[in-house]
Amino acid sequence: MTVETSTWATKKGLAQMLKGGVIMDVVTPEQARVAEDAGAVAVMALERVPADIRAAGGVARMSDPSMIEGIMAAVTIPVMAKARIGHFVEAQILEALGVDYIDESEVLTPADETNHIDKHAFKVPFVCGCRNLGEALRRINEGAAMMRTKGEAGTGNIVEAVRQLRDVLSQIRRLQSMREDELFVAAKELQAPYDVVKQVAEDGRLPVVNFVAGGISTPADAALVMQLGAEGVFVGSGIFKAEDPARTANAIVQATTHFDNPRILAEVSKGLGAPMRGIAMEAIPPQERLAVRGW
Amino acid sequence: MTRIGVLALQGAFREHLDTLAAIGVEGVPVRLPEDLENLDGLILPGGESTTMRRLIDRWGLREPILRLARRGAPLFGTCAGMIVLAREIAGGEAPVLPLLDVTVERNAFGRQLDSFEAELAVPVLGNAPVHAVFIRAPIIERSGPEVDVLAKLDDGRIVAVRQGNVIATSFHPELAGETRFHRLVATMAAEHAEPGEGSGRRPHPTRRSRA
């Protein structure tokens, strides 16, 4: 029997197993256990949630490996961790730790302003952020096995996530309506490889699973993006910046499963306490927006 | 027509629905107890078993699924679905739907870096091997006397079983374009819905269709 590890099918396949689920940012083993108990499908191990990274300013880097290992030891669900955009050595370190997925993330300060990590060179799978279809297809071409729209992390404001998800999905619908010869131009305009563009036009969906991140802080937010066509959600600051993290986490899990059932959404939204406070987009100067990182 | 449910709480349920569609069987996503009505079988997909366990309990799906199984409808669990169907989970976690007399070990091969693909002999499905995708997969450590082993790895570890109307695999046929497991389940579901061959004398043809 020939056995092949870390194939494209296994990389992309793990993301398929996470669908319909909630991936939660955690900064301690205790938070990781709260997330697992609430029904998270995976946790993202990091030193500070995006809201705190935003508040602290300065350079945000990969987390301390011992802290990531502590979280890996605390839960049985998959553990993801973030590397800076283009920082392939941080990615090598995370792979050596044995994390289940690496997020090449705009939430951390980019290490390379031109190049993203060559993700084909790794055995561990990667998830990457995107704001539109072209960006998604470039990341997939570099080897990303899962995508997420970026939203605007640490704001508790869903508006960017909605804009970006609608953008990606409407661009896919546009491709589906094109003649084959028009797809060549579309590929040029999307700045994405023709083969991937053609595949998306045929399938009507990205070749990898697509989650939504950046701004989800209530069950209704999660259900909104699921109804729009997300395959699952990342919740960063929205859980542990809420008044009652365990209940909020559980309610968002229920809402992600029953996203199209308003009766259940009403039930799980009751009495959760205050969500994270949130920031209006106008209050964030353009140079402090995280979603514009990555290209 | 045979209708097979796919537990759609979380995980790779769309892939199972697509596989059923590919073999011409109606698939029904199942999230609440009422979705289980008038089903002839149920597939429990891959995903995170800890998440599925919580959602199954939260929405009261445990008893109605056990009732469906007791009526003889086929159940098919892949990966997390196999964990959910096991009578015993190594490490002491409580079982969810204890229908298979086996002990499963979760994440038995290690972490994601140890996920793999292999060509697997599954004699009950014919000579062509099954292309099996294992993702943070469980294995069957122990299987009871009433359990038929359908497939093993070269090292002897059990990765596919059947006990009566319940089938489970450690791996994901639905990710590899493999339809034979689903065909088997569909055949079992059809027999359950409308016992024909082997069931003795048939009723008059115009009285066969069910409400």
# chains A, B, ... in the order shown; residues from 1 in each chain; ligands from 1

call {"tool": "interface_residues", "arguments": {"of": "chain B", "to": "chain A", "cutoff": "9 Å", "atoms": "only C-alpha atoms", "output": "ChimeraX atom specification"}}
result
/B:8-13,15,31,45-55,58,106-107,111-120,133-136,153-154,175-176

call {"tool": "residues_around", "arguments": {"residues": "Ala186 (chain A)", "least_positions_apart": "3", "cutoff": "12 Å", "atoms": "only C-alpha atoms", "output": "MDAnalysis selection string"}}
result
chainID A and resid 133:134 171:172 174:183 189:198 200:201

call {"tool": "write_last_selection", "arguments": {"atoms": "N, CA and C atoms", "output": "PDB file, in the first residue's frame"}}
result
ATOM      1  N   LEU A 133     -12.014  38.395  -5.600  1.00  0.00           N
ATOM      2  CA  LEU A 133     -11.747  37.114  -6.251  1.00  0.00           C
ATOM      3  C   LEU A 133     -10.301  37.012  -6.758  1.00  0.00           C
ATOM      4  N   GLY A 134      -9.784  38.113  -7.333  1.00  0.00           N
ATOM      5  CA  GLY A 134      -8.425  38.072  -7.859  1.00  0.00           C
ATOM      6  C   GLY A 134      -7.423  37.722  -6.771  1.00  0.00           C
ATOM      7  N   GLN A 171     -18.336  38.233  -8.231  1.00  0.00           N
ATOM      8  CA  GLN A 171     -17.344  38.047  -9.302  1.00  0.00           C
ATOM      9  C   GLN A 171     -17.367  36.614  -9.838  1.00  0.00           C
ATOM     10  N   ILE A 172     -17.623  35.653  -8.943  1.00  0.00           N
ATOM     11  CA  ILE A 172     -17.731  34.258  -9.400  1.00  0.00           C
ATOM     12  C   ILE A 172     -18.952  34.102 -10.313  1.00  0.00           C
ATOM     13  N   ARG A 174     -20.310  36.330 -12.110  1.00  0.00           N
ATOM     14  CA  ARG A 174     -20.019  36.981 -13.388  1.00  0.00           C
ATOM     15  C   ARG A 174     -19.214  36.034 -14.296  1.00  0.00           C
ATOM     16  N   LEU A 175     -18.204  35.365 -13.712  1.00  0.00           N
ATOM     17  CA  LEU A 175     -17.402  34.418 -14.509  1.00  0.00           C
ATOM     18  C   LEU A 175     -18.284  33.325 -15.108  1.00  0.00           C
ATOM     19  N   GLN A 176     -19.259  32.863 -14.303  1.00  0.00           N
ATOM     20  CA  GLN A 176     -20.123  31.770 -14.777  1.00  0.00           C
ATOM     21  C   GLN A 176     -20.921  32.158 -16.013  1.00  0.00           C
ATOM     22  N   SER A 177     -21.169  33.468 -16.171  1.00  0.00           N
ATOM     23  CA  SER A 177     -21.997  33.901 -17.292  1.00  0.00           C
ATOM     24  C   SER A 177     -21.170  34.188 -18.543  1.00  0.00           C
ATOM     25  N   MET A 178     -19.860  34.005 -18.468  1.00  0.00           N
ATOM     26  CA  MET A 178     -18.994  34.407 -19.587  1.00  0.00           C
ATOM     27  C   MET A 178     -18.801  33.294 -20.604  1.00  0.00           C
ATOM     28  N   ARG A 179     -18.601  33.700 -21.859  1.00  0.00           N
ATOM     29  CA  ARG A 179     -18.149  32.784 -22.900  1.00  0.00           C
ATOM     30  C   ARG A 179     -16.711  32.421 -22.609  1.00  0.00           C
ATOM     31  N   GLU A 180     -16.286  31.270 -23.165  1.00  0.00           N
ATOM     32  CA  GLU A 180     -14.933  30.811 -22.886  1.00  0.00           C
ATOM     33  C   GLU A 180     -13.874  31.839 -23.303  1.00  0.00           C
ATOM     34  N   ASP A 181     -14.090  32.504 -24.455  1.00  0.00           N
ATOM     35  CA  ASP A 181     -13.051  33.451 -24.910  1.00  0.00           C
ATOM     36  C   ASP A 181     -12.981  34.683 -24.002  1.00  0.00           C
ATOM     37  N   GLU A 182     -14.088  34.985 -23.322  1.00  0.00           N
ATOM     38  CA  GLU A 182     -14.077  36.137 -22.415  1.00  0.00           C
ATOM     39  C   GLU A 182     -13.313  35.843 -21.123  1.00  0.00           C
ATOM     40  N   LEU A 183     -13.165  34.558 -20.825  1.00  0.00           N
ATOM     41  CA  LEU A 183     -12.465  34.187 -19.593  1.00  0.00           C
ATOM     42  C   LEU A 183     -10.982  34.557 -19.642  1.00  0.00           C
ATOM     43  N   GLU A 189      -7.769  40.570 -16.115  1.00  0.00           N
ATOM     44  CA  GLU A 189      -8.275  41.627 -15.230  1.00  0.00           C
ATOM     45  C   GLU A 189      -8.206  41.234 -13.752  1.00  0.00           C
ATOM     46  N   LEU A 190      -8.434  39.958 -13.497  1.00  0.00           N
ATOM     47  CA  LEU A 190      -8.362  39.494 -12.104  1.00  0.00           C
ATOM     48  C   LEU A 190      -6.915  39.319 -11.652  1.00  0.00           C
ATOM     49  N   GLN A 191      -5.985  39.405 -12.594  1.00  0.00           N
ATOM     50  CA  GLN A 191      -4.569  39.135 -12.324  1.00  0.00           C
ATOM     51  C   GLN A 191      -4.418  37.772 -11.669  1.00  0.00           C
ATOM     52  N   ALA A 192      -5.089  36.804 -12.271  1.00  0.00           N
ATOM     53  CA  ALA A 192      -5.064  35.447 -11.735  1.00  0.00           C
ATOM     54  C   ALA A 192      -4.850  34.475 -12.887  1.00  0.00           C
ATOM     55  N   PRO A 193      -4.282  33.301 -12.600  1.00  0.00           N
ATOM     56  CA  PRO A 193      -3.987  32.347 -13.667  1.00  0.00           C
ATOM     57  C   PRO A 193      -5.263  31.871 -14.373  1.00  0.00           C
ATOM     58  N   TYR A 194      -5.184  31.754 -15.688  1.00  0.00           N
ATOM     59  CA  TYR A 194      -6.346  31.379 -16.491  1.00  0.00           C
ATOM     60  C   TYR A 194      -6.948  30.039 -16.053  1.00  0.00           C
ATOM     61  N   ASP A 195      -6.094  29.053 -15.759  1.00  0.00           N
ATOM     62  CA  ASP A 195      -6.609  27.715 -15.427  1.00  0.00           C
ATOM     63  C   ASP A 195      -7.520  27.755 -14.206  1.00  0.00           C
ATOM     64  N   VAL A 196      -7.112  28.531 -13.199  1.00  0.00           N
ATOM     65  CA  VAL A 196      -7.923  28.611 -11.986  1.00  0.00           C
ATOM     66  C   VAL A 196      -9.217  29.369 -12.273  1.00  0.00           C
ATOM     67  N   VAL A 197      -9.103  30.436 -13.065  1.00  0.00           N
ATOM     68  CA  VAL A 197     -10.283  31.224 -13.428  1.00  0.00           C
ATOM     69  C   VAL A 197     -11.299  30.339 -14.153  1.00  0.00           C
ATOM     70  N   LYS A 198     -10.809  29.524 -15.078  1.00  0.00           N
ATOM     71  CA  LYS A 198     -11.692  28.652 -15.841  1.00  0.00           C
ATOM     72  C   LYS A 198     -12.376  27.639 -14.934  1.00  0.00           C
ATOM     73  N   VAL A 200     -13.050  27.993 -11.753  1.00  0.00           N
ATOM     74  CA  VAL A 200     -14.066  28.691 -10.950  1.00  0.00           C
ATOM     75  C   VAL A 200     -15.320  28.939 -11.790  1.00  0.00           C
ATOM     76  N   ALA A 201     -15.119  29.320 -13.060  1.00  0.00           N
ATOM     77  CA  ALA A 201     -16.265  29.574 -13.941  1.00  0.00           C
ATOM     78  C   ALA A 201     -17.090  28.297 -14.124  1.00  0.00           C
TER      79      ALA A 201
END

call {"tool": "atom_distance", "arguments": {"atom1": "CA of Arg54 (chain A)", "atom2": "CA of Asp25 (chain A)"}}
result
14.8 Å

call {"tool": "residues_around", "arguments": {"residues": "Asn141 (chain A)", "least_positions_apart": "2", "cutoff": "9 Å", "atoms": "only C-alpha atoms", "output": "PyMOL selection string"}}
result
chain A and resi 120+136-139+143-144+192-193+196

call {"tool": "write_last_selection", "arguments": {"atoms": "all heavy atoms", "output": "mmCIF file, in the first residue's frame"}}
result
data_model
loop_
_atom_site.group_PDB
_atom_site.id
_atom_site.type_symbol
_atom_site.label_atom_id
_atom_site.label_comp_id
_atom_site.auth_asym_id
_atom_site.auth_seq_id
_atom_site.Cartn_x
_atom_site.Cartn_y
_atom_site.Cartn_z
ATOM 1 N N HIS A 120 3.168 26.102 -1.509
ATOM 2 C CA HIS A 120 3.364 24.745 -2.037
ATOM 3 C C HIS A 120 4.570 24.083 -1.393
ATOM 4 O O HIS A 120 4.678 22.869 -1.362
ATOM 5 C CB HIS A 120 3.602 24.796 -3.556
ATOM 6 C CG HIS A 120 2.382 25.169 -4.339
ATOM 7 N ND1 HIS A 120 1.261 24.387 -4.362
ATOM 8 C CD2 HIS A 120 2.110 26.239 -5.120
ATOM 9 C CE1 HIS A 120 0.346 24.954 -5.147
ATOM 10 N NE2 HIS A 120 0.831 26.083 -5.606
ATOM 11 N N ALA A 136 -8.020 36.166 -3.984
ATOM 12 C CA ALA A 136 -8.243 34.774 -3.576
ATOM 13 C C ALA A 136 -7.544 33.816 -4.536
ATOM 14 O O ALA A 136 -6.845 32.892 -4.113
ATOM 15 C CB ALA A 136 -9.739 34.476 -3.523
ATOM 16 N N LEU A 137 -7.687 34.056 -5.831
ATOM 17 C CA LEU A 137 -7.131 33.114 -6.809
ATOM 18 C C LEU A 137 -5.603 33.182 -6.845
ATOM 19 O O LEU A 137 -4.936 32.181 -7.089
ATOM 20 C CB LEU A 137 -7.732 33.372 -8.196
ATOM 21 C CG LEU A 137 -9.261 33.198 -8.266
ATOM 22 C CD1 LEU A 137 -9.754 33.384 -9.688
ATOM 23 C CD2 LEU A 137 -9.692 31.841 -7.719
ATOM 24 N N ARG A 138 -5.040 34.369 -6.561
ATOM 25 C CA ARG A 138 -3.575 34.445 -6.486
ATOM 26 C C ARG A 138 -3.069 33.642 -5.294
ATOM 27 O O ARG A 138 -2.083 32.921 -5.383
ATOM 28 C CB ARG A 138 -3.112 35.908 -6.393
ATOM 29 C CG ARG A 138 -3.297 36.681 -7.698
ATOM 30 C CD ARG A 138 -2.585 38.019 -7.693
ATOM 31 N NE ARG A 138 -3.154 38.995 -6.797
ATOM 32 C CZ ARG A 138 -4.239 39.736 -7.072
ATOM 33 N NH1 ARG A 138 -4.877 39.588 -8.226
ATOM 34 N NH2 ARG A 138 -4.680 40.621 -6.205
ATOM 35 N N ARG A 139 -3.763 33.747 -4.163
ATOM 36 C CA ARG A 139 -3.337 32.982 -2.982
ATOM 37 C C ARG A 139 -3.476 31.474 -3.239
ATOM 38 O O ARG A 139 -2.612 30.692 -2.847
ATOM 39 C CB ARG A 139 -4.194 33.358 -1.758
ATOM 40 C CG ARG A 139 -4.049 34.793 -1.248
ATOM 41 C CD ARG A 139 -2.667 35.136 -0.736
ATOM 42 N NE ARG A 139 -1.801 35.586 -1.813
ATOM 43 C CZ ARG A 139 -1.837 36.799 -2.357
ATOM 44 N NH1 ARG A 139 -2.711 37.692 -1.935
ATOM 45 N NH2 ARG A 139 -0.989 37.125 -3.315
ATOM 46 N N GLY A 143 -0.708 28.215 -3.380
ATOM 47 C CA GLY A 143 -0.818 26.993 -2.582
ATOM 48 C C GLY A 143 -1.755 27.063 -1.396
ATOM 49 O O GLY A 143 -1.824 26.104 -0.611
ATOM 50 N N ALA A 144 -2.484 28.176 -1.216
ATOM 51 C CA ALA A 144 -3.428 28.239 -0.089
ATOM 52 C C ALA A 144 -4.504 27.167 -0.259
ATOM 53 O O ALA A 144 -5.061 27.014 -1.341
ATOM 54 C CB ALA A 144 -4.073 29.618 -0.011
ATOM 55 N N ALA A 192 -5.089 36.804 -12.271
ATOM 56 C CA ALA A 192 -5.064 35.447 -11.735
ATOM 57 C C ALA A 192 -4.850 34.475 -12.887
ATOM 58 O O ALA A 192 -5.183 34.785 -14.027
ATOM 59 C CB ALA A 192 -6.388 35.152 -11.040
ATOM 60 N N PRO A 193 -4.282 33.301 -12.600
ATOM 61 C CA PRO A 193 -3.987 32.347 -13.667
ATOM 62 C C PRO A 193 -5.263 31.871 -14.373
ATOM 63 O O PRO A 193 -6.273 31.604 -13.715
ATOM 64 C CB PRO A 193 -3.326 31.176 -12.948
ATOM 65 C CG PRO A 193 -3.031 31.627 -11.575
ATOM 66 C CD PRO A 193 -3.889 32.798 -11.276
ATOM 67 N N VAL A 196 -7.112 28.531 -13.199
ATOM 68 C CA VAL A 196 -7.923 28.611 -11.986
ATOM 69 C C VAL A 196 -9.217 29.369 -12.273
ATOM 70 O O VAL A 196 -10.290 29.000 -11.807
ATOM 71 C CB VAL A 196 -7.133 29.309 -10.843
ATOM 72 C CG1 VAL A 196 -7.840 29.116 -9.512
ATOM 73 C CG2 VAL A 196 -5.720 28.785 -10.756
#

call {"tool": "residues_around", "arguments": {"residues": "region 160-163 of chain A", "least_positions_apart": "2", "cutoff": "12 Å", "atoms": "only C-alpha atoms", "output": "ChimeraX atom specification"}}
result
/A:129-132,148-158,165-170,211-217,221-230,233-235,279-282,289-292

call {"tool": "residues_around", "arguments": {"residues": "Pro245 (chain A)", "least_positions_apart": "6", "cutoff": "10 Å", "atoms": "only C-alpha atoms", "output": "ChimeraX atom specification"}}
result
/A:31,34-35,38,238-239,251,272-276

call {"tool": "select_by_dssp", "arguments": {"residues": "region 43-275 of chain A", "states": "alpha helix (DSSP H)", "output": "number ranges by chain"}}
result
A: 50-56, 65-74, 88-97, 133-141, 159-176, 180-190, 194-203, 219-228, 237-240, 245-257, 262-269

call {"tool": "write_last_selection", "arguments": {"atoms": "C-alpha atoms", "output": "JSON list (two decimals), in the first residue's frame"}}
result
[["chain", "number", "residue", "atom", "x", "y", "z"],
["A", 50, "PRO", "CA", -6.90, 41.63, 16.79],
["A", 51, "ALA", "CA", -8.71, 44.28, 18.87],
["A", 52, "ASP", "CA", -5.72, 44.34, 21.25],
["A", 53, "ILE", "CA", -3.19, 44.25, 18.40],
["A", 54, "ARG", "CA", -4.98, 47.25, 16.93],
["A", 55, "ALA", "CA", -4.95, 49.07, 20.27],
["A", 56, "ALA", "CA", -1.30, 48.26, 21.02],
["A", 65, "PRO", "CA", 5.94, 28.73, 20.28],
["A", 66, "SER", "CA", 5.57, 27.64, 23.91],
["A", 67, "MET", "CA", 2.24, 29.45, 24.10],
["A", 68, "ILE", "CA", 1.06, 27.73, 20.89],
["A", 69, "GLU", "CA", 2.19, 24.36, 22.24],
["A", 70, "GLY", "CA", 0.25, 25.00, 25.45],
["A", 71, "ILE", "CA", -2.91, 25.47, 23.42],
["A", 72, "MET", "CA", -2.17, 22.41, 21.24],
["A", 73, "ALA", "CA", -1.91, 20.35, 24.43],
["A", 74, "ALA", "CA", -5.15, 21.74, 25.88],
["A", 88, "PHE", "CA", 8.29, 31.93, 5.45],
["A", 89, "VAL", "CA", 10.59, 31.32, 8.41],
["A", 90, "GLU", "CA", 7.79, 31.95, 10.89],
["A", 91, "ALA", "CA", 5.82, 29.45, 8.79],
["A", 92, "GLN", "CA", 8.69, 26.93, 8.99],
["A", 93, "ILE", "CA", 8.70, 27.29, 12.77],
["A", 94, "LEU", "CA", 4.92, 26.78, 12.98],
["A", 95, "GLU", "CA", 5.22, 23.71, 10.75],
["A", 96, "ALA", "CA", 7.96, 22.34, 13.02],
["A", 97, "LEU", "CA", 5.61, 22.78, 16.00],
["A", 133, "LEU", "CA", -11.75, 37.11, -6.25],
["A", 134, "GLY", "CA", -8.42, 38.07, -7.86],
["A", 135, "GLU", "CA", -6.66, 38.11, -4.52],
["A", 136, "ALA", "CA", -8.24, 34.77, -3.58],
["A", 137, "LEU", "CA", -7.13, 33.11, -6.81],
["A", 138, "ARG", "CA", -3.57, 34.45, -6.49],
["A", 139, "ARG", "CA", -3.34, 32.98, -2.98],
["A", 140, "ILE", "CA", -4.76, 29.65, -4.17],
["A", 141, "ASN", "CA", -2.21, 29.64, -6.98],
["A", 159, "VAL", "CA", -19.58, 45.86, 7.07],
["A", 160, "GLU", "CA", -16.23, 45.06, 5.41],
["A", 161, "ALA", "CA", -16.79, 41.30, 5.68],
["A", 162, "VAL", "CA", -20.14, 41.69, 3.91],
["A", 163, "ARG", "CA", -18.67, 43.89, 1.19],
["A", 164, "GLN", "CA", -15.79, 41.50, 0.50],
["A", 165, "LEU", "CA", -17.87, 38.32, 0.54],
["A", 166, "ARG", "CA", -20.43, 39.86, -1.81],
["A", 167, "ASP", "CA", -17.55, 40.95, -4.04],
["A", 168, "VAL", "CA", -15.99, 37.50, -4.25],
["A", 169, "LEU", "CA", -19.30, 35.74, -4.87],
["A", 170, "SER", "CA", -20.64, 38.22, -7.39],
["A", 171, "GLN", "CA", -17.34, 38.05, -9.30],
["A", 172, "ILE", "CA", -17.73, 34.26, -9.40],
["A", 173, "ARG", "CA", -21.29, 34.60, -10.73],
["A", 174, "ARG", "CA", -20.02, 36.98, -13.39],
["A", 175, "LEU", "CA", -17.40, 34.42, -14.51],
["A", 176, "GLN", "CA", -20.12, 31.77, -14.78],
["A", 180, "GLU", "CA", -14.93, 30.81, -22.89],
["A", 181, "ASP", "CA", -13.05, 33.45, -24.91],
["A", 182, "GLU", "CA", -14.08, 36.14, -22.42],
["A", 183, "LEU", "CA", -12.46, 34.19, -19.59],
["A", 184, "PHE", "CA", -9.00, 35.01, -20.98],
["A", 185, "VAL", "CA", -9.68, 38.70, -20.47],
["A", 186, "ALA", "CA", -11.27, 38.03, -17.09],
["A", 187, "ALA", "CA", -8.10, 36.23, -16.00],
["A", 188, "LYS", "CA", -6.04, 39.21, -17.11],
["A", 189, "GLU", "CA", -8.27, 41.63, -15.23],
["A", 190, "LEU", "CA", -8.36, 39.49, -12.10],
["A", 194, "TYR", "CA", -6.35, 31.38, -16.49],
["A", 195, "ASP", "CA", -6.61, 27.71, -15.43],
["A", 196, "VAL", "CA", -7.92, 28.61, -11.99],
["A", 197, "VAL", "CA", -10.28, 31.22, -13.43],
["A", 198, "LYS", "CA", -11.69, 28.65, -15.84],
["A", 199, "GLN", "CA", -12.19, 26.14, -13.06],
["A", 200, "VAL", "CA", -14.07, 28.69, -10.95],
["A", 201, "ALA", "CA", -16.26, 29.57, -13.94],
["A", 202, "GLU", "CA", -17.12, 25.88, -14.41],
["A", 203, "ASP", "CA", -17.71, 25.01, -10.74],
["A", 219, "PRO", "CA", -24.98, 35.18, 16.15],
["A", 220, "ALA", "CA", -26.86, 37.33, 13.63],
["A", 221, "ASP", "CA", -23.55, 38.44, 12.05],
["A", 222, "ALA", "CA", -22.53, 34.81, 11.59],
["A", 223, "ALA", "CA", -25.91, 33.88, 10.10],
["A", 224, "LEU", "CA", -25.81, 36.90, 7.77],
["A", 225, "VAL", "CA", -22.55, 35.85, 6.12],
["A", 226, "MET", "CA", -23.65, 32.20, 6.04],
["A", 227, "GLN", "CA", -26.85, 33.21, 4.21],
["A", 228, "LEU", "CA", -24.75, 35.25, 1.79],
["A", 237, "SER", "CA", -12.12, 39.51, 19.16],
["A", 238, "GLY", "CA", -15.90, 38.96, 19.04],
["A", 239, "ILE", "CA", -15.88, 36.17, 21.61],
["A", 240, "PHE", "CA", -13.38, 37.00, 24.31],
["A", 245, "PRO", "CA", -17.59, 34.72, 26.13],
["A", 246, "ALA", "CA", -18.80, 31.15, 26.71],
["A", 247, "ARG", "CA", -22.45, 31.96, 25.95],
["A", 248, "THR", "CA", -21.55, 34.19, 23.01],
["A", 249, "ALA", "CA", -19.31, 31.46, 21.59],
["A", 250, "ASN", "CA", -22.00, 28.83, 21.93],
["A", 251, "ALA", "CA", -24.66, 31.09, 20.41],
["A", 252, "ILE", "CA", -22.46, 31.84, 17.39],
["A", 253, "VAL", "CA", -21.88, 28.09, 16.90],
["A", 254, "GLN", "CA", -25.64, 27.44, 16.96],
["A", 255, "ALA", "CA", -26.27, 30.36, 14.59],
["A", 256, "THR", "CA", -23.68, 29.09, 12.10],
["A", 257, "THR", "CA", -25.43, 25.69, 11.92],
["A", 262, "PRO", "CA", -34.83, 32.79, 12.14],
["A", 263, "ARG", "CA", -36.80, 31.11, 14.96],
["A", 264, "ILE", "CA", -33.64, 29.43, 16.24],
["A", 265, "LEU", "CA", -31.55, 32.55, 15.63],
["A", 266, "ALA", "CA", -33.96, 34.51, 17.83],
["A", 267, "GLU", "CA", -33.73, 31.89, 20.55],
["A", 268, "VAL", "CA", -29.92, 31.72, 20.62],
["A", 269, "SER", "CA", -29.55, 35.51, 20.48]]

call {"tool": "atom_distance", "arguments": {"atom1": "CA of Leu44 (chain B)", "atom2": "CA of Ile140 (chain B)"}}
result
16.8 Å

call {"tool": "select_by_dssp", "arguments": {"residues": "chain B", "states": "strand (DSSP E)", "output": "PyMOL selection string"}}
result
chain B and resi 3-7+26-30+41-44+75-78+86-89+100-105+116-120+130-134+139-143+148-152+158-163+166-169
